[in-house]
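Structure data (compact mmCIF, C-alpha atoms) from query.txt:
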```
# COMPACT_ATOMS: atom_id res chain seq x y z
CA MET A 1 -10.27 31.32 -16.40
CA LEU A 2 -12.99 28.71 -16.01
CA GLU A 3 -10.72 25.80 -16.84
CA ILE A 4 -8.51 26.73 -13.90
CA GLY A 5 -11.52 26.36 -11.64
CA LEU A 6 -12.34 23.01 -13.24
CA PHE A 7 -8.80 21.81 -12.60
CA TYR A 8 -8.72 22.80 -8.95
CA VAL A 9 -12.20 21.46 -8.19
CA ALA A 10 -11.33 18.13 -9.79
CA ALA A 11 -8.00 18.06 -7.96
CA THR A 12 -9.72 18.71 -4.63
CA ILE A 13 -12.24 15.96 -5.26
CA SER A 14 -9.43 13.60 -6.26
CA LEU A 15 -7.46 14.30 -3.10
CA ILE A 16 -10.42 14.02 -0.72
CA SER A 17 -11.80 10.86 -2.28
CA THR A 18 -8.35 9.24 -2.33
CA VAL A 19 -7.88 9.94 1.37
CA LEU A 20 -11.35 8.54 2.05
CA ALA A 21 -10.59 5.48 -0.09
CA VAL A 22 -7.47 4.66 1.90
CA THR A 23 -9.17 5.12 5.27
CA ARG A 24 -12.42 3.17 4.74
CA TYR A 25 -13.13 0.00 6.73
CA ASN A 26 -15.38 -1.55 4.10
CA ALA A 27 -13.65 -2.53 0.85
CA ALA A 28 -16.69 -1.74 -1.29
CA HIS A 29 -16.89 1.80 0.10
CA ALA A 30 -13.19 2.29 -0.55
CA LEU A 31 -13.74 1.08 -4.11
CA ILE A 32 -16.45 3.69 -4.69
CA TYR A 33 -14.19 6.49 -3.51
CA LEU A 34 -11.33 5.13 -5.63
CA ILE A 35 -13.53 5.17 -8.74
CA ILE A 36 -14.50 8.78 -8.01
CA SER A 37 -10.82 9.65 -7.64
CA LEU A 38 -10.09 8.08 -11.04
CA LEU A 39 -12.99 9.95 -12.68
CA ALA A 40 -11.65 13.21 -11.24
CA SER A 41 -8.24 12.32 -12.67
CA ALA A 42 -9.90 11.82 -16.06
CA ILE A 43 -11.33 15.34 -15.91
CA ILE A 44 -7.89 16.68 -14.99
CA PHE A 45 -6.44 14.88 -18.03
CA TYR A 46 -9.07 16.42 -20.28
CA VAL A 47 -8.58 19.91 -18.91
CA VAL A 48 -4.81 19.89 -19.28
CA GLY A 49 -5.17 18.86 -22.93
CA ALA A 50 -4.94 15.06 -23.08
CA PRO A 51 -8.40 13.87 -24.15
CA PHE A 52 -7.20 10.43 -25.24
CA ALA A 53 -5.68 9.74 -21.83
CA ALA A 54 -8.94 10.90 -20.23
CA VAL A 55 -10.93 8.40 -22.30
CA LEU A 56 -8.50 5.61 -21.42
CA GLU A 57 -8.67 6.53 -17.75
CA VAL A 58 -12.45 6.17 -17.70
CA LEU A 59 -12.61 3.08 -19.90
CA ILE A 60 -9.74 1.00 -18.57
CA TYR A 61 -8.98 2.28 -15.07
CA ALA A 62 -12.44 3.20 -13.78
CA GLY A 63 -14.08 0.57 -15.96
CA ALA A 64 -12.10 -2.61 -16.51
CA ILE A 65 -9.63 -2.66 -13.59
CA MET A 66 -12.20 -1.60 -11.01
CA VAL A 67 -14.58 -4.29 -12.29
CA LEU A 68 -11.90 -6.83 -11.35
CA PHE A 69 -11.95 -5.50 -7.79
CA VAL A 70 -15.75 -5.66 -7.74
CA PHE A 71 -15.65 -9.29 -8.92
CA VAL A 72 -13.14 -10.26 -6.26
CA ILE A 73 -15.10 -8.53 -3.49
CA MET A 74 -18.20 -10.35 -4.69
CA MET A 75 -16.33 -13.66 -4.91
CA LEU A 76 -14.91 -13.44 -1.40
CA ASN A 77 -18.37 -12.59 -0.02
CA LEU A 78 -16.92 -10.63 2.87
CA GLY A 79 -19.11 -10.06 5.87
CA SER A 80 -22.37 -11.70 6.72
CA ALA A 81 -24.91 -10.83 4.10
CA GLY A 82 -28.36 -10.12 5.41
CA ASP A 83 -31.33 -7.88 5.05
CA ASP A 84 -30.40 -5.76 8.04
CA LEU A 85 -26.90 -5.39 6.62
CA GLU A 86 -28.36 -4.29 3.30
CA HIS A 87 -30.52 -1.83 5.17
CA HIS A 88 -27.43 -0.61 6.97
CA TRP A 89 -25.62 -0.15 3.64
CA LEU A 90 -28.34 2.01 2.21
CA GLN A 91 -28.12 4.64 4.91
CA PRO A 92 -27.74 8.14 3.48
CA SER A 93 -24.37 8.59 5.16
CA MET A 94 -22.98 5.79 3.00
CA TRP A 95 -23.87 7.22 -0.38
CA ILE A 96 -24.39 10.95 0.10
CA VAL A 97 -20.71 11.91 -0.16
CA PRO A 98 -19.93 9.82 -3.28
CA SER A 99 -23.12 11.11 -4.88
CA LEU A 100 -22.12 14.68 -4.09
CA PHE A 101 -18.67 14.20 -5.63
CA CYS A 102 -20.16 12.55 -8.72
CA PHE A 103 -22.62 15.43 -9.03
CA VAL A 104 -19.81 18.00 -8.99
CA LEU A 105 -17.92 16.02 -11.63
CA LEU A 106 -21.09 15.81 -13.73
CA ILE A 107 -21.49 19.58 -13.53
CA GLU A 108 -17.89 19.96 -14.70
CA ILE A 109 -18.54 17.65 -17.67
CA ILE A 110 -21.67 19.63 -18.57
CA ILE A 111 -19.70 22.89 -18.41
CA VAL A 112 -16.98 21.43 -20.63
CA LEU A 113 -19.40 20.03 -23.19
CA SER A 114 -21.55 23.16 -23.32
CA THR A 115 -18.63 25.45 -24.08
CA GLY A 116 -17.05 23.37 -26.81
CA ASP A 117 -13.33 22.87 -27.22
CA ASN A 118 -12.39 26.18 -25.66
CA MET A 119 -12.08 24.61 -22.24
CA LEU A 120 -8.80 22.91 -22.96
CA ALA A 121 -5.94 24.69 -21.29
CA GLY A 122 -2.69 24.81 -23.17
CA THR A 123 -1.92 22.81 -26.27
CA VAL A 124 -4.10 19.83 -27.09
CA VAL A 125 -2.37 16.56 -27.93
CA THR A 126 -4.83 14.79 -30.21
CA PRO A 127 -5.27 11.00 -30.36
CA LYS A 128 -3.88 11.12 -33.91
CA GLN A 129 -0.55 12.44 -32.66
CA VAL A 130 -0.52 9.82 -29.92
CA GLY A 131 -1.22 7.02 -32.39
CA ILE A 132 1.43 8.16 -34.87
CA LYS A 133 4.04 8.32 -32.14
CA LEU A 134 2.88 5.09 -30.49
CA PHE A 135 3.28 3.01 -33.63
CA GLY A 136 6.32 4.92 -34.85
CA PRO A 137 9.19 5.41 -32.41
CA TYR A 138 7.45 3.59 -29.56
CA VAL A 139 6.52 0.39 -31.38
CA ILE A 140 9.00 -1.65 -29.32
CA ALA A 141 7.26 -0.41 -26.16
CA VAL A 142 3.96 -1.67 -27.59
CA GLU A 143 5.53 -5.10 -28.11
CA ILE A 144 6.89 -5.10 -24.55
CA ALA A 145 3.47 -4.11 -23.21
CA SER A 146 1.83 -6.93 -25.17
CA MET A 147 4.29 -9.44 -23.73
CA LEU A 148 3.63 -8.03 -20.25
CA LEU A 149 -0.12 -8.42 -20.72
CA LEU A 150 0.36 -11.95 -21.96
CA ALA A 151 2.43 -12.77 -18.89
CA GLY A 152 -0.24 -11.24 -16.67
CA LEU A 153 -2.93 -13.26 -18.47
CA ILE A 154 -1.04 -16.52 -18.03
CA GLY A 155 -0.28 -15.75 -14.38
CA ALA A 156 -3.86 -14.89 -13.56
CA TYR A 157 -5.09 -18.00 -15.38
CA HIS A 158 -2.63 -20.20 -13.51
CA LEU A 159 -3.52 -18.81 -10.09
CA GLY A 160 -7.24 -18.91 -10.72
CA ARG A 161 -7.18 -22.43 -12.16
CA ARG A 162 -5.35 -23.88 -9.18
CA TYR A 163 -7.86 -22.19 -6.94
CA LEU A 164 -10.71 -23.99 -8.68
CA SER A 165 -9.01 -27.41 -8.77
CA ASP A 166 -8.17 -27.27 -5.06
CA VAL A 167 -11.77 -26.53 -4.23
CA ARG A 168 -12.86 -29.62 -6.13
CA GLU A 169 -10.54 -31.92 -4.20
CA PRO A 170 -9.93 -30.63 -0.66
CA SER A 171 -6.56 -31.68 0.72
CA ALA A 172 -6.82 -32.61 4.38
CA GLU A 173 -3.21 -33.63 4.89
CA ASN A 174 -2.05 -30.15 4.03
CA GLU A 175 -4.08 -28.73 6.92
CA THR A 176 -2.78 -31.26 9.44
CA ASN A 177 0.78 -30.72 8.26
CA ASP A 178 0.41 -27.07 9.11
CA MET B 179 -1.92 26.41 -30.70
CA ILE B 180 0.87 28.40 -29.09
CA GLU B 181 -0.77 29.91 -26.08
CA SER B 182 0.25 30.35 -22.50
CA ILE B 183 -0.33 27.41 -20.18
CA VAL B 184 -2.93 28.61 -17.73
CA ILE B 185 -2.58 25.70 -15.34
CA PRO B 186 0.90 25.65 -13.85
CA MET B 187 2.69 22.37 -14.30
CA GLU B 188 3.94 22.49 -10.73
CA HIS B 189 0.40 22.22 -9.39
CA GLY B 190 -0.25 19.09 -11.43
CA LEU B 191 3.01 17.58 -10.28
CA LEU B 192 2.22 18.53 -6.70
CA LEU B 193 -1.15 16.80 -6.99
CA ALA B 194 0.55 13.71 -8.40
CA ALA B 195 3.09 13.72 -5.57
CA VAL B 196 0.42 14.05 -2.90
CA LEU B 197 -1.65 11.26 -4.47
CA PHE B 198 1.45 9.06 -4.63
CA SER B 199 2.16 9.78 -0.96
CA ILE B 200 -1.39 8.85 0.01
CA GLY B 201 -1.09 5.61 -1.91
CA LEU B 202 2.27 4.83 -0.31
CA LEU B 203 0.84 5.55 3.11
CA GLY B 204 -2.03 3.19 2.32
CA VAL B 205 0.37 0.42 1.33
CA LEU B 206 2.34 0.90 4.54
CA VAL B 207 -0.56 1.31 6.96
CA ARG B 208 -3.36 -0.94 5.75
CA ARG B 209 -3.33 -4.69 6.45
CA ASN B 210 -6.18 -5.67 4.16
CA ILE B 211 -4.83 -7.13 0.91
CA ILE B 212 -7.62 -5.58 -1.17
CA LEU B 213 -6.87 -2.14 0.27
CA ILE B 214 -3.16 -2.63 -0.38
CA LEU B 215 -3.85 -3.43 -4.03
CA MET B 216 -6.09 -0.35 -4.26
CA SER B 217 -3.30 1.77 -2.80
CA LEU B 218 -0.95 0.38 -5.44
CA GLU B 219 -3.46 1.45 -8.07
CA ILE B 220 -3.50 4.94 -6.53
CA MET B 221 0.29 5.09 -6.77
CA LEU B 222 0.32 3.95 -10.40
CA ASN B 223 -2.40 6.43 -11.26
CA ALA B 224 -0.39 9.22 -9.64
CA CYS B 225 2.61 8.28 -11.79
CA GLY B 226 0.41 8.39 -14.89
CA LEU B 227 -0.96 11.76 -13.83
CA ALA B 228 2.57 13.14 -13.54
CA PHE B 229 3.45 11.84 -17.01
CA VAL B 230 0.32 13.28 -18.61
CA VAL B 231 0.73 16.67 -16.93
CA VAL B 232 4.35 16.99 -18.01
CA GLY B 233 3.57 15.77 -21.52
CA ALA B 234 0.76 18.29 -21.81
CA HIS B 235 3.06 21.02 -20.56
CA TRP B 236 5.49 20.47 -23.43
CA GLY B 237 2.72 19.69 -25.92
CA GLN B 238 4.16 16.28 -26.75
CA ALA B 239 2.42 12.92 -27.05
CA ASP B 240 5.09 11.06 -25.09
CA GLY B 241 3.36 11.63 -21.76
CA GLN B 242 0.17 9.95 -22.92
CA ILE B 243 2.15 7.04 -24.37
CA MET B 244 3.85 6.54 -21.02
CA PHE B 245 0.43 6.72 -19.39
CA MET B 246 -0.80 3.93 -21.66
CA LEU B 247 2.20 1.79 -20.72
CA ILE B 248 1.50 2.44 -17.03
CA LEU B 249 -2.11 1.44 -17.72
CA SER B 250 -1.03 -1.92 -19.16
CA ILE B 251 1.32 -2.45 -16.20
CA ALA B 252 -1.55 -1.72 -13.81
CA ALA B 253 -3.82 -4.15 -15.64
CA ALA B 254 -1.27 -6.98 -15.52
CA GLU B 255 -0.39 -6.20 -11.89
CA VAL B 256 -3.96 -6.18 -10.68
CA ALA B 257 -4.80 -9.44 -12.49
CA VAL B 258 -1.90 -11.31 -10.90
CA GLY B 259 -2.40 -9.54 -7.56
CA LEU B 260 -6.05 -10.48 -7.32
CA GLY B 261 -5.19 -14.06 -8.25
CA LEU B 262 -2.70 -14.13 -5.38
CA LEU B 263 -5.35 -12.57 -3.15
CA LEU B 264 -7.75 -15.41 -3.92
CA GLN B 265 -5.03 -17.94 -3.14
CA ALA B 266 -4.20 -16.21 0.16
CA TYR B 267 -7.85 -16.04 1.12
CA ARG B 268 -8.29 -19.73 0.35
CA ARG B 269 -5.28 -20.63 2.45
CA PHE B 270 -5.73 -18.32 5.44
CA SER B 271 -9.49 -17.62 5.28
CA SER B 272 -8.60 -14.03 6.00
CA LEU B 273 -7.39 -10.95 4.17
CA ASP B 274 -4.86 -10.06 6.87
CA ILE B 275 -1.51 -9.85 5.11
CA ASP B 276 0.38 -10.37 8.40
CA LEU B 277 -0.73 -14.00 8.36
CA ALA B 278 1.55 -14.53 5.36
CA ASN B 279 4.72 -13.34 7.05
CA ARG B 280 6.28 -16.80 7.35
CA MET B 281 7.72 -18.79 4.49
CA ARG B 282 6.54 -22.35 4.12
CA GLY B 283 3.74 -21.34 6.46
```

Would you give me this structure, written as structure tokens?
Amino acid sequence: MLEIGLFYVAATISLISTVLAVTRYNAAHALIYLIISLLASAIIFYVVGAPFAAVLEVLIYAGAIMVLFVFVIMMLNLGSAGDDLEHHWLQPSMWIVPSLFCFVLLIEIIIVLSTGDNMLAGTVVTPKQVGIKLFGPYVIAVEIASMLLLAGLIGAYHLGRRYLSDVREPSAENETND
Amino acid sequence: MIESIVIPMEHGLLLAAVLFSIGLLGVLVRRNIILILMSLEIMLNACGLAFVVVGAHWGQADGQIMFMLILSIAAAEVAVGLGLLLQAYRRFSSLDIDLANRMRG
């Protein structure tokens, strides 16, 4: 019965933090709530019996993709940075709710790890099964995904490179034309 | 391994649908490009959640494989989207997406 509670607590945290992420004014605050939502989704994946998807959710979604957002927010340097602004950011109202959600998720992880594998509801799909099926019947999908990632890599490189080259030589006639 | 599913699949699908709706609402309502990209991530994650929940319900690995494909789509989408965001910010000096509503602007 405990895994049902884990599922609904994680689902509640996911819903609340997603709503908060969409309604924030500051992009960095929205990013924090979005990461919490993704971590809650990872716990849901683990509880319903997909541990490999849970690991991928934490590593790639909450790790790699969110780091891209952090880099872009840092690169744009939104807002006027200052000591008073930093002091304003560190008010307890800014971090108490994300910390509370993270604490609840941590308690759930501790409960899961302390009780062993009995917490998984339903049938567990192991990473071995996923791997066998991924490189068996779904191997063409893996090839398509690799081509998609290559296209994304080339597109991101192209857009980012033109951004750098235009900074080096500012074009004044383009501004006047507009 | 054959035991009754204690978490009903409908609740997982309902959660995925509500998360997808929140993400769609964010795409429609917000005007900040960063927030729009985040809302797209919420929508993709909701789709992945639906796949994983259904795959776990039937005890098959197909749901997780679809989740991995959605993950790669999200990675490619966010890389290109953030590149476009940098271009838009360089051109308009703002993250307001309504400034880009004219072609050849």

Residues of chain B that have any atom at most 7 Å from an atom of chain A: could you tabulate them with the shortest-distance atom pair and the distance in Å to one decimal, using all atoms listed in the file, ordered by chain and increasing number, as a Markdown table?
```
| residue | atom | partner | partner_atom | distance |
| --- | --- | --- | --- | --- |
| B:Met179 | CA | A:Thr123 | CA | 5.7 |
| B:Ile180 | CA | A:Thr123 | CA | 6.9 |
| B:Glu181 | CA | A:Gly122 | CA | 6.2 |
| B:Ser182 | CA | A:Gly122 | CA | 6.3 |
| B:Ile183 | CA | A:Gly122 | CA | 4.6 |
| B:Val184 | CA | A:Ala121 | CA | 6.1 |
| B:Ile185 | CA | A:Ile4 | CA | 6.2 |
| B:Leu197 | CA | A:Leu15 | CA | 6.7 |
| B:Ile200 | CA | A:Val19 | CA | 6.7 |
| B:Gly204 | CA | A:Val22 | CA | 5.7 |
| B:Leu213 | CA | A:Ala27 | CA | 6.8 |
| B:Ser217 | CA | A:Val22 | CA | 6.9 |
| B:Val230 | CA | A:Phe45 | CA | 7.0 |
| B:Val231 | CA | A:Val48 | CA | 6.8 |
| B:Ala234 | CA | A:Gly49 | CA | 6.1 |
| B:Gly237 | CA | A:Thr123 | CA | 5.6 |
| B:Gln238 | CA | A:Val125 | CA | 6.6 |
| B:Ala239 | CA | A:Val130 | CA | 5.1 |
| B:Gln242 | CA | A:Ala53 | CA | 6.0 |
| B:Ile243 | CA | A:Leu134 | CA | 6.5 |
| B:Leu247 | CA | A:Ala145 | CA | 6.5 |
| B:Ser250 | CA | A:Ala145 | CA | 6.4 |
| B:Ala253 | CA | A:Ile65 | CA | 6.3 |
| B:Ala254 | CA | A:Gly152 | CA | 4.5 |
| B:Glu255 | CA | A:Gly152 | CA | 6.9 |
| B:Ala257 | CA | A:Ala156 | CA | 5.6 |
| B:Val258 | CA | A:Ala156 | CA | 4.9 |
| B:Gly261 | CA | A:Leu159 | CA | 5.4 |
| B:Leu262 | CA | A:Leu159 | CA | 6.7 |
| B:Gln265 | CA | A:Tyr163 | CA | 6.4 |
```

Box for stretch 259-274 of chain B - axis-aligned, 4 Å on each of the six sides, all listed atoms - centre and size in Å to one decimal, as lines of an AutoDock Vina configuration file.
```
center_x = -5.9
center_y = -15.1
center_z = -0.7
size_x = 15.1
size_y = 19.1
size_z = 23.1
```

Task: d(atom CA of A:Gln91, atom CA of A:His29) in Å - done: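 Computing the Euclidean distance for atom CA of A:Gln91 and atom CA of A:His29 yields 12.5 Å.
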
Open item on the list: One decimal, in Å: what's the spacing between atom CA of A:Ile32 and atom CA of B:Asp276?
Closed with: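 Answer for the atom CA of A:Ile32 to atom CA of B:Asp276 separation: 25.5 Å.
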
- [ ] Quick one: everything within 9 Å of B:Asn223, counting all atoms listed in the file, minus sequence neighbours fewer than 2 positions away in the same chain. Send it as a list of chain:residue names.
- [x]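 Non-adjacent residues within range: A:Leu38, A:Ser41, A:Tyr61, B:Ala194, B:Leu197, B:Phe198, B:Leu218, B:Glu219, B:Ile220, B:Met221, B:Cys225, B:Gly226, B:Leu227, B:Ala228, B:Phe245, B:Ile248, B:Leu249, B:Ala252.
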